[in-house]
$ cat my_file.txt   # compact mmCIF, C-alpha atoms
# COMPACT_ATOMS: atom_id res chain seq x y z
CA MET A 1 68.64 -58.49 -12.12
CA ILE A 2 67.95 -55.89 -14.75
CA PRO A 3 70.58 -55.67 -17.45
CA LYS A 4 72.04 -52.24 -17.91
CA ILE A 5 71.28 -52.16 -21.56
CA ARG A 6 68.41 -54.06 -22.90
CA GLN A 7 66.42 -54.64 -26.02
CA LEU A 8 63.27 -52.63 -26.26
CA ARG A 9 60.18 -54.67 -25.62
CA PRO A 10 56.64 -54.03 -26.68
CA VAL A 11 55.41 -54.05 -23.13
CA TYR A 12 57.60 -51.02 -22.62
CA ALA A 13 55.41 -49.29 -25.11
CA LEU A 14 52.55 -49.65 -22.69
CA LEU A 15 54.68 -48.63 -19.75
CA PHE A 16 55.96 -45.74 -21.75
CA LEU A 17 52.50 -44.62 -22.71
CA ALA A 18 51.42 -44.86 -19.11
CA PHE A 19 54.43 -42.81 -18.08
CA ALA A 20 53.89 -40.35 -20.90
CA PHE A 21 50.35 -39.76 -19.76
CA SER A 22 51.30 -39.51 -16.15
CA CYS A 23 53.94 -37.00 -17.13
CA LYS A 24 51.54 -34.85 -19.10
CA ASP A 25 48.98 -35.01 -16.36
CA ASN A 26 51.46 -33.97 -13.78
CA PHE A 27 51.87 -30.25 -13.34
CA GLU A 28 54.72 -30.55 -10.91
CA VAL A 29 57.36 -32.89 -12.24
CA PRO A 30 59.77 -33.49 -9.36
CA ILE A 31 63.40 -32.49 -9.61
CA GLN A 32 65.76 -35.45 -9.36
CA ASP A 33 69.35 -35.25 -8.18
CA GLU A 34 70.32 -37.27 -11.17
CA ALA A 35 68.33 -38.40 -14.18
CA TRP A 36 68.77 -39.51 -17.77
CA VAL A 37 67.80 -37.04 -20.45
CA PRO A 38 67.13 -38.17 -24.01
CA ILE A 39 69.13 -36.75 -26.91
CA TYR A 40 66.80 -36.22 -29.84
CA ARG A 41 67.24 -35.94 -33.51
CA SER A 42 64.40 -34.42 -35.47
CA VAL A 43 62.57 -36.77 -37.80
CA GLU A 44 63.27 -34.52 -40.80
CA ASN A 45 67.00 -34.64 -40.00
CA SER A 46 66.97 -38.40 -39.61
CA LYS A 47 66.59 -39.45 -43.21
CA GLU A 48 70.19 -39.08 -44.28
CA ILE A 49 71.91 -42.44 -44.74
CA ALA A 50 75.70 -42.28 -44.61
CA THR A 51 78.60 -44.70 -44.64
CA LEU A 52 81.03 -43.75 -41.91
CA GLU A 53 84.25 -45.08 -40.45
CA PRO A 54 83.83 -48.08 -38.16
CA ARG A 55 83.18 -47.35 -34.52
CA ALA A 56 82.99 -49.37 -31.32
CA PRO A 57 79.58 -50.78 -30.48
CA ILE A 58 77.70 -49.19 -27.59
CA THR A 59 74.73 -51.49 -27.30
CA GLY A 60 74.98 -54.87 -28.97
CA GLY A 61 71.93 -54.98 -31.21
CA LYS A 62 70.61 -57.66 -33.52
CA ILE A 63 73.03 -59.61 -35.66
CA TYR A 64 72.98 -60.75 -39.28
CA ALA A 65 75.32 -62.95 -41.31
CA TYR A 66 75.78 -62.64 -45.05
CA GLY A 67 78.61 -64.56 -46.66
CA LYS A 68 81.81 -63.34 -45.11
CA TYR A 69 80.15 -60.23 -43.75
CA LEU A 70 78.60 -59.74 -40.36
CA PHE A 71 76.28 -56.93 -39.41
CA GLN A 72 75.24 -55.75 -35.99
CA LEU A 73 72.63 -53.14 -35.25
CA GLU A 74 73.47 -50.20 -33.08
CA PRO A 75 69.88 -49.65 -32.03
CA ASN A 76 68.44 -46.36 -33.31
CA LEU A 77 71.79 -45.24 -34.75
CA GLY A 78 72.85 -47.59 -37.51
CA ILE A 79 74.62 -50.77 -38.50
CA HIS A 80 78.16 -51.97 -37.86
CA VAL A 81 79.68 -53.82 -40.83
CA TYR A 82 82.38 -56.45 -40.25
CA GLU A 83 84.29 -58.58 -42.69
CA LEU A 84 85.19 -62.05 -41.50
CA VAL A 85 88.87 -62.75 -41.96
CA ASP A 86 89.98 -66.13 -40.62
CA LYS A 87 86.87 -66.30 -38.43
CA ARG A 88 87.54 -62.85 -36.98
CA PRO A 89 85.24 -59.91 -37.69
CA MET A 90 87.25 -56.93 -38.93
CA PRO A 91 85.42 -53.60 -38.50
CA ARG A 92 84.86 -52.12 -41.96
CA ARG A 93 82.10 -49.53 -41.85
CA PHE A 94 79.37 -47.96 -39.84
CA ILE A 95 76.22 -47.30 -41.80
CA GLN A 96 74.34 -44.44 -40.22
CA VAL A 97 70.61 -45.15 -40.27
CA TYR A 98 68.67 -43.31 -37.59
CA GLY A 99 66.00 -45.36 -35.89
CA ALA A 100 67.41 -48.61 -37.29
CA GLN A 101 66.31 -51.71 -35.39
CA GLU A 102 66.08 -54.44 -38.03
CA ILE A 103 68.08 -55.86 -40.93
CA ALA A 104 67.76 -58.38 -43.77
CA ILE A 105 69.88 -58.82 -46.91
CA ARG A 106 69.27 -60.38 -50.29
CA ASN A 107 71.43 -60.21 -53.40
CA GLY A 108 73.50 -57.32 -52.11
CA ALA A 109 70.49 -55.24 -51.10
CA LEU A 110 70.25 -54.44 -47.41
CA TYR A 111 66.82 -53.74 -45.96
CA THR A 112 66.48 -51.90 -42.71
CA ASN A 113 64.15 -49.45 -41.06
CA ASN A 114 65.00 -45.77 -41.00
CA ASP A 115 62.61 -44.96 -38.19
CA LYS A 116 59.17 -45.72 -39.66
CA ASP A 117 60.42 -46.07 -43.24
CA ILE A 118 61.83 -49.22 -44.76
CA VAL A 119 64.87 -48.42 -46.88
CA SER A 120 66.87 -50.52 -49.31
CA LEU A 121 70.60 -49.89 -49.39
CA ALA A 122 72.91 -51.09 -52.14
CA LEU A 123 76.03 -52.65 -50.63
CA THR A 124 79.30 -52.10 -52.42
CA GLU A 125 82.43 -54.25 -52.45
CA SER A 126 83.96 -52.31 -49.59
CA GLY A 127 80.95 -52.67 -47.32
CA ALA A 128 79.71 -49.16 -47.97
CA ALA A 129 76.01 -48.65 -48.49
CA GLN A 130 74.04 -46.31 -50.69
CA LEU A 131 70.36 -45.50 -50.41
CA ALA A 132 68.51 -47.20 -53.27
CA GLY A 133 64.88 -46.93 -52.26
CA ARG A 134 62.55 -45.85 -49.50
CA VAL A 135 59.05 -46.98 -48.57
CA GLU A 136 57.60 -44.45 -46.20
CA ASN A 137 55.75 -45.07 -42.99
CA VAL A 138 55.39 -48.85 -43.09
CA PHE A 139 57.11 -49.94 -39.90
CA SER A 140 56.25 -49.44 -36.24
CA VAL A 141 59.45 -48.95 -34.33
CA SER A 142 59.71 -49.91 -30.69
CA GLU A 143 59.35 -46.34 -29.50
CA ALA A 144 59.47 -47.26 -25.86
CA THR A 145 63.04 -46.13 -25.51
CA VAL A 146 64.61 -46.40 -22.10
CA PRO A 147 68.00 -45.14 -20.89
CA PRO A 148 71.08 -47.35 -20.68
CA GLU A 149 70.74 -47.74 -16.92
CA THR A 150 67.85 -48.02 -14.55
CA GLY A 151 66.69 -44.95 -12.74
CA TYR A 152 64.72 -41.79 -13.31
CA PHE A 153 64.62 -40.33 -16.77
CA GLU A 154 62.99 -37.45 -18.56
CA CYS A 155 59.97 -38.90 -20.30
CA VAL A 156 60.45 -39.40 -24.02
CA ASP A 157 58.47 -37.02 -26.20
CA PRO A 158 58.12 -38.50 -29.72
CA GLU A 159 57.15 -35.04 -30.95
CA LYS A 160 60.76 -34.03 -30.45
CA GLY A 161 62.09 -36.72 -32.76
CA ILE A 162 64.04 -39.96 -32.53
CA VAL A 163 65.99 -40.75 -29.38
CA VAL A 164 69.59 -41.21 -30.53
CA GLY A 165 71.27 -41.23 -27.13
CA TRP A 166 71.03 -40.42 -23.44
CA GLU A 167 72.96 -38.22 -21.06
CA LEU A 168 73.00 -38.29 -17.31
CA LYS A 169 72.22 -34.87 -15.84
CA GLU A 170 71.92 -33.45 -12.37
CA ASN A 171 68.95 -31.60 -10.92
CA VAL A 172 66.55 -32.20 -13.77
CA ARG A 173 62.81 -32.58 -13.72
CA ALA A 174 62.09 -36.22 -14.39
CA LYS A 175 59.20 -38.43 -13.52
CA CYS A 176 59.64 -41.50 -15.70
CA LYS A 177 61.50 -44.39 -14.17
CA PHE A 178 62.57 -47.82 -15.22
CA MET B 1 49.08 -79.77 -47.86
CA HIS B 2 52.03 -78.71 -49.91
CA ASN B 3 53.83 -77.55 -46.79
CA LEU B 4 52.88 -80.55 -44.78
CA ARG B 5 54.48 -82.65 -47.46
CA ASN B 6 57.57 -80.51 -47.25
CA LEU B 7 57.73 -80.95 -43.54
CA ILE B 8 57.58 -84.71 -43.85
CA LYS B 9 60.80 -84.55 -45.78
CA PRO B 10 63.11 -83.15 -43.14
CA PHE B 11 66.16 -84.75 -44.63
CA VAL B 12 65.49 -83.32 -48.03
CA SER B 13 64.94 -79.91 -46.48
CA ALA B 14 67.97 -80.17 -44.24
CA PHE B 15 69.97 -80.97 -47.33
CA ALA B 16 68.45 -78.01 -49.14
CA VAL B 17 69.21 -75.71 -46.24
CA ALA B 18 72.75 -77.03 -46.13
CA MET B 19 73.08 -76.33 -49.83
CA ILE B 20 71.73 -72.82 -49.40
CA MET B 21 74.13 -72.21 -46.53
CA ALA B 22 76.98 -73.59 -48.59
CA ALA B 23 75.97 -71.28 -51.41
CA CYS B 24 75.96 -68.32 -49.03
CA GLY B 25 79.39 -69.29 -47.86
CA LYS B 26 80.58 -69.25 -51.40
CA ASP B 27 79.19 -65.77 -51.92
CA GLY B 28 81.32 -64.65 -49.06
CA ASP B 29 84.39 -66.38 -50.32
CA SER B 30 84.00 -64.77 -53.68
CA GLY B 31 84.50 -61.42 -52.05
CA ALA B 32 81.78 -59.02 -51.29
CA PRO B 33 78.41 -58.31 -49.81
CA THR B 34 77.21 -57.74 -53.34
CA GLY B 35 76.81 -61.40 -54.29
CA ASP B 36 73.67 -63.45 -54.71
CA GLY B 37 71.75 -65.08 -51.92
CA THR B 38 69.96 -64.28 -48.76
CA GLY B 39 71.66 -63.82 -45.42
CA THR B 40 70.83 -65.32 -42.06
CA GLY B 41 69.20 -63.39 -39.28
CA GLY B 42 69.03 -64.17 -35.61
CA SER B 43 66.08 -65.56 -33.71
CA LEU B 44 65.22 -62.08 -32.41
CA ALA B 45 64.68 -60.66 -35.90
CA ARG B 46 61.52 -58.84 -36.90
CA PHE B 47 62.55 -58.72 -40.58
CA THR B 48 63.07 -61.82 -42.65
CA ILE B 49 63.44 -62.64 -46.32
CA TYR B 50 62.09 -65.80 -47.87
CA GLY B 51 62.40 -66.21 -51.61
CA GLU B 52 61.50 -62.92 -53.23
CA TYR B 53 59.60 -61.60 -50.26
CA LEU B 54 60.41 -59.53 -47.22
CA TYR B 55 58.29 -60.18 -44.14
CA THR B 56 58.18 -57.82 -41.19
CA VAL B 57 56.42 -58.03 -37.85
CA ASP B 58 55.70 -55.06 -35.67
CA ARG B 59 53.72 -55.52 -32.51
CA GLN B 60 50.51 -56.87 -34.03
CA VAL B 61 50.95 -56.97 -37.77
CA LEU B 62 52.70 -59.25 -40.24
CA LYS B 63 53.49 -57.33 -43.43
CA THR B 64 54.42 -58.89 -46.74
CA PHE B 65 56.58 -57.00 -49.23
CA SER B 66 57.44 -58.15 -52.72
CA LEU B 67 61.10 -57.71 -53.65
CA SER B 68 60.54 -58.16 -57.37
CA ASP B 69 61.94 -54.66 -57.59
CA PRO B 70 64.78 -55.15 -55.11
CA GLU B 71 65.27 -51.44 -54.65
CA LEU B 72 61.69 -50.68 -53.79
CA PRO B 73 59.87 -53.23 -51.66
CA GLU B 74 56.19 -53.25 -52.51
CA LEU B 75 53.76 -53.70 -49.65
CA LEU B 76 51.40 -56.49 -50.68
CA GLY B 77 49.42 -56.99 -47.53
CA SER B 78 49.12 -56.75 -43.77
CA THR B 79 47.79 -59.46 -41.49
CA ASN B 80 46.73 -58.81 -37.95
CA ILE B 81 48.23 -61.55 -35.82
CA GLY B 82 47.82 -60.76 -32.19
CA MET B 83 49.44 -58.85 -29.42
CA ASP B 84 53.12 -58.22 -28.91
CA ILE B 85 54.68 -59.94 -31.88
CA GLU B 86 58.37 -60.17 -31.20
CA THR B 87 60.18 -62.38 -33.67
CA ILE B 88 59.88 -63.98 -37.08
CA TYR B 89 61.81 -67.02 -38.26
CA PRO B 90 61.51 -68.61 -41.70
CA TYR B 91 61.86 -72.34 -42.05
CA ASN B 92 60.96 -74.76 -44.76
CA GLY B 93 58.21 -72.76 -46.40
CA ASN B 94 56.77 -71.49 -43.15
CA LEU B 95 57.11 -68.51 -40.89
CA PHE B 96 57.44 -69.18 -37.18
CA ILE B 97 56.33 -66.12 -35.31
CA GLY B 98 56.95 -65.59 -31.63
CA SER B 99 54.76 -63.34 -29.57
CA MET B 100 54.48 -62.85 -25.86
CA GLU B 101 51.65 -65.32 -25.61
CA ALA B 102 52.04 -67.83 -28.39
CA MET B 103 54.02 -69.28 -31.22
CA TYR B 104 52.28 -68.90 -34.57
CA ILE B 105 53.01 -70.83 -37.73
CA TYR B 106 52.18 -69.26 -41.09
CA SER B 107 52.39 -71.19 -44.33
CA LEU B 108 54.13 -69.58 -47.29
CA ALA B 109 52.61 -71.95 -49.84
CA ASP B 110 51.44 -68.71 -51.42
CA PRO B 111 54.30 -66.46 -50.37
CA ALA B 112 52.36 -63.31 -51.21
CA ASN B 113 49.63 -64.36 -48.78
CA PRO B 114 50.92 -65.99 -45.60
CA LEU B 115 48.25 -68.22 -44.12
CA ARG B 116 47.94 -69.11 -40.45
CA GLU B 117 48.36 -72.83 -39.85
CA ALA B 118 48.61 -72.95 -36.10
CA MET B 119 48.92 -71.14 -32.84
CA ALA B 120 50.53 -72.78 -29.82
CA THR B 121 49.77 -70.70 -26.79
CA HIS B 122 51.94 -70.73 -23.73
CA THR B 123 52.31 -68.81 -20.57
CA ARG B 124 52.93 -65.12 -21.06
CA ALA B 125 56.61 -64.59 -21.70
CA CYS B 126 59.05 -63.46 -24.37
CA ASP B 127 59.61 -66.12 -26.96
CA PRO B 128 61.98 -66.37 -29.89
CA VAL B 129 61.65 -69.46 -32.07
CA VAL B 130 63.91 -71.55 -34.27
CA ALA B 131 63.04 -74.72 -36.17
CA ASN B 132 64.79 -77.70 -37.58
CA GLY B 133 63.42 -80.87 -39.16
CA ASN B 134 60.05 -81.51 -37.58
CA HIS B 135 60.72 -79.52 -34.46
CA ALA B 136 60.41 -75.97 -33.25
CA TYR B 137 62.40 -74.68 -30.31
CA VAL B 138 61.07 -71.80 -28.27
CA THR B 139 62.48 -70.00 -25.29
CA VAL B 140 60.13 -68.34 -22.87
CA ARG B 141 61.47 -65.76 -20.49
CA SER B 142 59.96 -64.06 -17.51
CA GLY B 143 60.99 -60.71 -16.17
CA THR B 144 59.90 -57.14 -15.95
CA ASP B 145 59.52 -56.75 -19.68
CA CYS B 146 57.66 -59.99 -20.34
CA GLY B 147 55.55 -60.58 -17.30
CA GLY B 148 55.43 -64.38 -17.25
CA PRO B 149 56.62 -66.73 -14.53
CA LEU B 150 58.47 -69.20 -16.72
CA ASN B 151 62.08 -69.35 -17.89
CA ALA B 152 62.41 -72.38 -20.08
CA LEU B 153 63.17 -74.04 -23.38
CA LEU B 154 60.10 -75.59 -24.97
CA VAL B 155 60.32 -78.13 -27.78
CA PHE B 156 57.39 -78.66 -30.11
CA ASP B 157 56.78 -81.39 -32.64
CA VAL B 158 55.50 -79.51 -35.68
CA SER B 159 55.27 -82.46 -38.08
CA ASN B 160 51.58 -81.70 -38.14
CA LEU B 161 51.75 -77.98 -38.71
CA LYS B 162 48.18 -77.47 -37.70
CA GLN B 163 48.71 -79.07 -34.35
CA PRO B 164 52.06 -78.44 -32.68
CA VAL B 165 52.62 -80.84 -29.81
CA GLN B 166 54.87 -79.88 -26.93
CA LEU B 167 57.48 -82.59 -26.36
CA SER B 168 59.62 -81.21 -23.60
CA GLN B 169 60.34 -78.31 -21.31
CA LEU B 170 63.69 -77.49 -19.77
CA PRO B 171 64.21 -74.92 -17.03
CA LEU B 172 66.55 -72.02 -17.82
CA THR B 173 67.57 -68.82 -16.06
CA ASN B 174 66.93 -65.86 -18.37
CA PRO B 175 66.77 -67.17 -21.93
CA HIS B 176 66.75 -64.90 -24.97
CA GLY B 177 67.53 -65.99 -28.54
CA LEU B 178 68.61 -69.36 -29.81
CA GLY B 179 70.26 -70.94 -32.82
CA ILE B 180 70.42 -74.44 -34.24
CA THR B 181 72.74 -76.35 -36.54
CA GLY B 182 72.26 -80.05 -37.15
CA ASN B 183 71.39 -81.55 -33.81
CA THR B 184 73.14 -78.88 -31.79
CA LEU B 185 71.00 -76.20 -30.19
CA TYR B 186 72.52 -73.02 -28.75
CA VAL B 187 70.45 -71.18 -26.19
CA CYS B 188 71.42 -67.70 -25.05
CA ASP B 189 70.58 -67.72 -21.38
CA GLY B 190 71.44 -64.11 -20.64
CA ALA B 191 74.13 -63.68 -17.99
CA ALA B 192 73.79 -67.38 -17.12
CA GLY B 193 75.71 -68.13 -20.29
CA LEU B 194 75.50 -69.79 -23.66
CA LYS B 195 73.97 -73.24 -23.19
CA VAL B 196 74.68 -76.01 -25.68
CA PHE B 197 72.23 -78.89 -26.10
CA ASP B 198 72.19 -82.07 -28.15
CA VAL B 199 68.66 -82.34 -29.51
CA THR B 200 69.06 -85.67 -31.30
CA ASP B 201 66.20 -86.75 -29.05
CA PRO B 202 63.95 -83.68 -28.97
CA LYS B 203 61.93 -85.26 -26.19
CA SER B 204 64.87 -84.84 -23.89
CA PRO B 205 67.48 -82.30 -24.99
CA ALA B 206 70.82 -83.23 -23.45
CA SER B 207 72.90 -80.48 -21.90
CA LEU B 208 76.41 -80.69 -23.34
CA THR B 209 78.31 -77.67 -22.11
CA HIS B 210 78.04 -73.94 -21.57
CA ARG B 211 80.09 -70.79 -21.97
CA GLU B 212 80.07 -67.83 -19.60
CA GLY B 213 81.50 -64.35 -19.37
CA TYR B 214 78.92 -62.39 -21.37
CA THR B 215 75.25 -61.60 -21.28
CA PHE B 216 74.14 -63.65 -24.27
CA LYS B 217 71.18 -62.40 -26.28
CA ASP B 218 71.21 -64.32 -29.56
CA CYS B 219 73.39 -66.58 -31.70
CA ILE B 220 73.65 -67.44 -35.38
CA PRO B 221 75.49 -70.57 -36.49
CA HIS B 222 77.25 -69.45 -39.67
CA GLY B 223 79.34 -72.17 -41.30
CA ASP B 224 82.06 -73.09 -38.83
CA ILE B 225 81.52 -70.12 -36.56
CA LEU B 226 78.88 -69.15 -34.06
CA VAL B 227 78.14 -65.42 -34.06
CA CYS B 228 76.76 -64.29 -30.72
CA MET B 229 75.05 -61.05 -29.88
CA VAL B 230 76.03 -60.10 -26.35
CA GLU B 231 75.00 -57.14 -24.29
CA GLN B 232 77.71 -54.81 -25.54
CA GLY B 233 78.73 -56.26 -28.85
CA LEU B 234 79.71 -59.52 -30.55
CA VAL B 235 81.46 -62.73 -29.59
CA ILE B 236 82.66 -65.36 -32.06
CA TYR B 237 83.10 -69.06 -31.33
CA ASP B 238 84.61 -71.70 -33.57
CA ILE B 239 82.08 -74.50 -33.98
CA THR B 240 84.08 -76.80 -36.22
CA ASN B 241 82.89 -79.23 -33.57
CA PRO B 242 79.37 -77.88 -33.02
CA ASN B 243 79.14 -79.48 -29.59
CA ASN B 244 82.20 -77.68 -28.31
CA PRO B 245 82.27 -73.95 -29.12
CA VAL B 246 85.78 -72.54 -28.88
CA PHE B 247 86.18 -68.85 -28.16
CA VAL B 248 87.75 -66.93 -31.06
CA THR B 249 87.31 -63.23 -30.37
CA GLU B 250 85.04 -60.50 -29.07
CA ILE B 251 84.08 -57.04 -30.22
CA ASN B 252 82.81 -54.65 -27.62
$ encode --input "my_file.txt" --output "structure tokens"
Amino acid sequence: MIPKIRQLRPVYALLFLAFAFSCKDNFEVPIQDEAWVPIYRSVENSKEIATLEPRAPITGGKIYAYGKYLFQLEPNLGIHVYELVDKRPMPRRFIQVYGAQEIAIRNGALYTNNDKDIVSLALTESGAAQLAGRVENVFSVSEATVPPETGYFECVDPEKGIVVGWELKENVRAKCKF
Amino acid sequence: MHNLRNLIKPFVSAFAVAMIMAACGKDGDSGAPTGDGTGTGGSLARFTIYGEYLYTVDRQVLKTFSLSDPELPELLGSTNIGMDIETIYPYNGNLFIGSMEAMYIYSLADPANPLREAMATHTRACDPVVANGNHAYVTVRSGTDCGGPLNALLVFDVSNLKQPVQLSQLPLTNPHGLGITGNTLYVCDGAAGLKVFDVTDPKSPASLTHREGYTFKDCIPHGDILVCMVEQGLVIYDITNPNNPVFVTEIN
């Protein structure tokens, strides 16, 4: 019933908060045989925008069409850039934008969210992107991050930064579950 | 009133949209993502650009940014809308905003100050919106993350913006985003497939065909292709005949 990988939903925020509180209130977090553990990246180390080589998508995020270019979010990690050649998307770039969840483009300027900031990126002919401007702290990201599969997971602590991935570990203390 | 007038001219607007889309296509053909024009987002988007403005929704708030300096969006204002805002879709001088409990319509007669025209409440569920002519199409989805009992496609007559009237309701399995081109509506029904409807008669959308094999989340008709967001990547269909999507390729 529950897809392995899903879009983050606002109601998760509530669930997450509930879990977060229950976690903090709980002195004895039980040890699970197997649980997902978030991989964090500190907020201060999340501002660097970079154009990288194309990579395979992990989670199919939101899509955007602009002329003969297609874009697909890799939630919280960045944006895949494809060029349409004879109706087929050819992988061209991966734009690293931590926390990215949204995209819109006008006149060659790409707008996305870098965590809570909205950034404008100048697109070049090759599909590369360069940071052009940043408006700080104007977007509420869906922070209710959940792991790629259902099960127990170590509760997310926003103080530690942005969740950029998950790893499955054995014998870890974990109370949150989805 | 200005917008109402616009809505009464669906053919004019459809033509305009077609022209805009054609123009976008030309940008692409000319080479690069550096050309003029605005792109097309999916029905799950929470960012959208209309004219010289960027609109964002996050949970409860609609924010308006001016793009008069394209490099540095300027926050002009924030409007509290309601709980759990999920999607924003621009059409014909209006913003259609989907939340977990309602579809909202905001007029962009003054694009710097979106004004609420209507709210059509429905049972609690997730709900992306698209619009075409005088009609808005909404999917509502139940499930652990949405909480409602209903999985369906709802069609609203929005010719009177202030009073959307529900015309029809079609049961679905696990619908997410949707896309529309002409009279063809594509509904992403999760793992139940991509459902294709003829909405020539919006009172009774006719099921034409469906495609399976992926967990469909959203689709954008883009010229003669349909770009679909699926659970682990992208799938492209040829929609030279919009009523019969032909698989082209996948990326996952």
$ closest_atom_pairs --input "my_file.txt" --of "chain A" --to "chain B" --cutoff "7 Å" --atoms "only C-alpha atoms" --output "tab-separated table"
residue	atom	partner	partner_atom	distance
A:Ile5	CA	B:Glu231	CA	6.8
A:Arg9	CA	B:Asp145	CA	6.3
A:Pro10	CA	B:Asp84	CA	5.9
A:Val11	CA	B:Asp145	CA	6.0
A:Tyr12	CA	B:Asp145	CA	6.7
A:Ala56	CA	B:Asn252	CA	6.4
A:Pro57	CA	B:Gly233	CA	5.8
A:Ile58	CA	B:Gln232	CA	6.0
A:Thr59	CA	B:Gln232	CA	4.8
A:Gly60	CA	B:Gly233	CA	4.0
A:Gly61	CA	B:Met229	CA	7.0
A:Lys62	CA	B:Met229	CA	6.7
A:Ile63	CA	B:Gly42	CA	6.1
A:Tyr64	CA	B:Gly41	CA	4.6
A:Ala65	CA	B:Thr40	CA	5.1
A:Tyr66	CA	B:Gly39	CA	4.3
A:Gly67	CA	B:Gly28	CA	3.6
A:Lys68	CA	B:Gly28	CA	4.2
A:Tyr69	CA	B:Pro33	CA	6.6
A:Lys87	CA	B:Ile225	CA	6.8
A:Arg88	CA	B:Thr249	CA	6.6
A:Glu102	CA	B:Phe47	CA	6.1
A:Ile103	CA	B:Phe47	CA	6.2
A:Ala104	CA	B:Thr48	CA	5.9
A:Ile105	CA	B:Gly39	CA	5.5
A:Arg106	CA	B:Thr38	CA	4.2
A:Asn107	CA	B:Asp36	CA	4.2
A:Gly108	CA	B:Thr34	CA	3.9
A:Ala109	CA	B:Pro70	CA	7.0
A:Ser120	CA	B:Glu71	CA	5.6
A:Leu123	CA	B:Thr34	CA	5.9
A:Thr124	CA	B:Thr34	CA	6.1
A:Glu125	CA	B:Ala32	CA	5.0
A:Gly127	CA	B:Pro33	CA	6.7
A:Ala132	CA	B:Glu71	CA	5.5
A:Gly133	CA	B:Glu71	CA	5.1
A:Arg134	CA	B:Leu72	CA	6.5
A:Val135	CA	B:Leu72	CA	6.9
A:Phe139	CA	B:Asp58	CA	6.8
A:Ser140	CA	B:Asp58	CA	5.7
$ axis_aligned_box --input "my_file.txt" --around "region 77-92 of chain B" --padding-each-side "3 Å" --output "JSON"
{"center_x": 54.3, "center_y": -65.8, "center_z": -38.2, "size_x": 21.1, "size_y": 24.0, "size_z": 24.6}
$ residues_near_point --input "my_file.txt" --point "(66.4, -75.4, -33.6)" --cutoff "9 Å" --atoms "all atoms listed in the file" --output "list in words"
Val129, Val130, Ala131, Asn132, Gly133, His135, Ala136, Tyr137, Val138, Val155, Leu178, Gly179, Ile180, Thr181, Gly182, Asn183, Thr184, Leu185, Tyr186 and Val199 of chain B
$ residues_around --input "my_file.txt" --residues "region 194-197 of chain B" --least-positions-apart "2" --cutoff "6 Å" --atoms "all atoms listed in the file" --output "list in words"
Thr184, Leu185, Tyr186, Val187, Cys188, Asp189, Pro205, Ala206, Ser207, Leu208, Thr209, His210 and Arg211 of chain B
$ write_last_selection --input "my_file.txt" --atoms "C-alpha atoms" --output "short mmCIF file (atom, residue, chain, number, x, y, z; two decimals), keeping the file's coordinate frame"
data_model
loop_
_atom_site.label_atom_id
_atom_site.label_comp_id
_atom_site.auth_asym_id
_atom_site.auth_seq_id
_atom_site.Cartn_x
_atom_site.Cartn_y
_atom_site.Cartn_z
CA THR B 184 73.14 -78.88 -31.79
CA LEU B 185 71.00 -76.20 -30.19
CA TYR B 186 72.52 -73.02 -28.75
CA VAL B 187 70.45 -71.18 -26.19
CA CYS B 188 71.42 -67.70 -25.05
CA ASP B 189 70.58 -67.72 -21.38
CA PRO B 205 67.48 -82.30 -24.99
CA ALA B 206 70.82 -83.23 -23.45
CA SER B 207 72.90 -80.48 -21.90
CA LEU B 208 76.41 -80.69 -23.34
CA THR B 209 78.31 -77.67 -22.11
CA HIS B 210 78.04 -73.94 -21.57
CA ARG B 211 80.09 -70.79 -21.97
#
$ atom_distance --input "my_file.txt" --atom1 "CA of Ser142 (chain B)" --atom2 "CA of Cys155 (chain A)"
25.3 Å
$ atom_distance --input "my_file.txt" --atom1 "CA of Leu62 (chain B)" --atom2 "CA of Gly77 (chain B)"
8.3 Å
$ atom_distance --input "my_file.txt" --atom1 "CA of Gln96 (chain A)" --atom2 "CA of His176 (chain B)"
26.6 Å
$ closest_residue --input "my_file.txt" --among "A:Asp115, A:Asp86, A:Asp33, A:Glu154" --to "Phe178 (chain A)" --atoms "all atoms listed in the file"
A:Glu154
$ closest_residue --input "my_file.txt" --among "A:Pro148, A:Ser126, A:Leu77, A:Ile118" --to "Pro91 (chain A)" --atoms "only C-alpha atoms"
A:Ser126
$ residues_near_point --input "my_file.txt" --point "(76.6, -48.2, -38.9)" --cutoff "12 Å" --atoms "all atoms listed in the file" --output "MDAnalysis selection string"
chainID A and resid 49:58 61 70:82 91:101 103 112 127:129
$ closest_residue --input "my_file.txt" --among "B:Pro128, B:Glu117, B:Pro202, B:Pro175" --to "Phe156 (chain B)" --atoms "only C-alpha atoms"
B:Pro202
$ residues_around --input "my_file.txt" --residues "region 165-174 of chain A" --least-positions-apart "6" --cutoff "8 Å" --atoms "all atoms listed in the file" --output "ChimeraX atom specification"
/A:29-40,147-148,152-155
$ decode --input "my_file.txt" --residues "region 183-196 of chain B" --atoms "C-alpha atoms" --output "tab-separated table (two decimals), in the first residue's frame"
chain	number	residue	atom	x	y	z
B	183	ASN	CA	-9.63	18.00	-24.35
B	184	THR	CA	-7.32	15.26	-23.16
B	185	LEU	CA	-6.79	14.90	-19.44
B	186	TYR	CA	-3.99	12.75	-18.01
B	187	VAL	CA	-4.43	11.57	-14.45
B	188	CYS	CA	-1.55	9.95	-12.59
B	189	ASP	CA	-3.24	7.26	-10.56
B	190	GLY	CA	-0.18	6.04	-8.70
B	191	ALA	CA	0.59	2.36	-9.26
B	192	ALA	CA	-2.83	1.94	-10.90
B	193	GLY	CA	-1.39	3.67	-13.94
B	194	LEU	CA	-1.67	6.72	-16.13
B	195	LYS	CA	-5.34	7.26	-16.94
B	196	VAL	CA	-6.35	9.13	-20.09
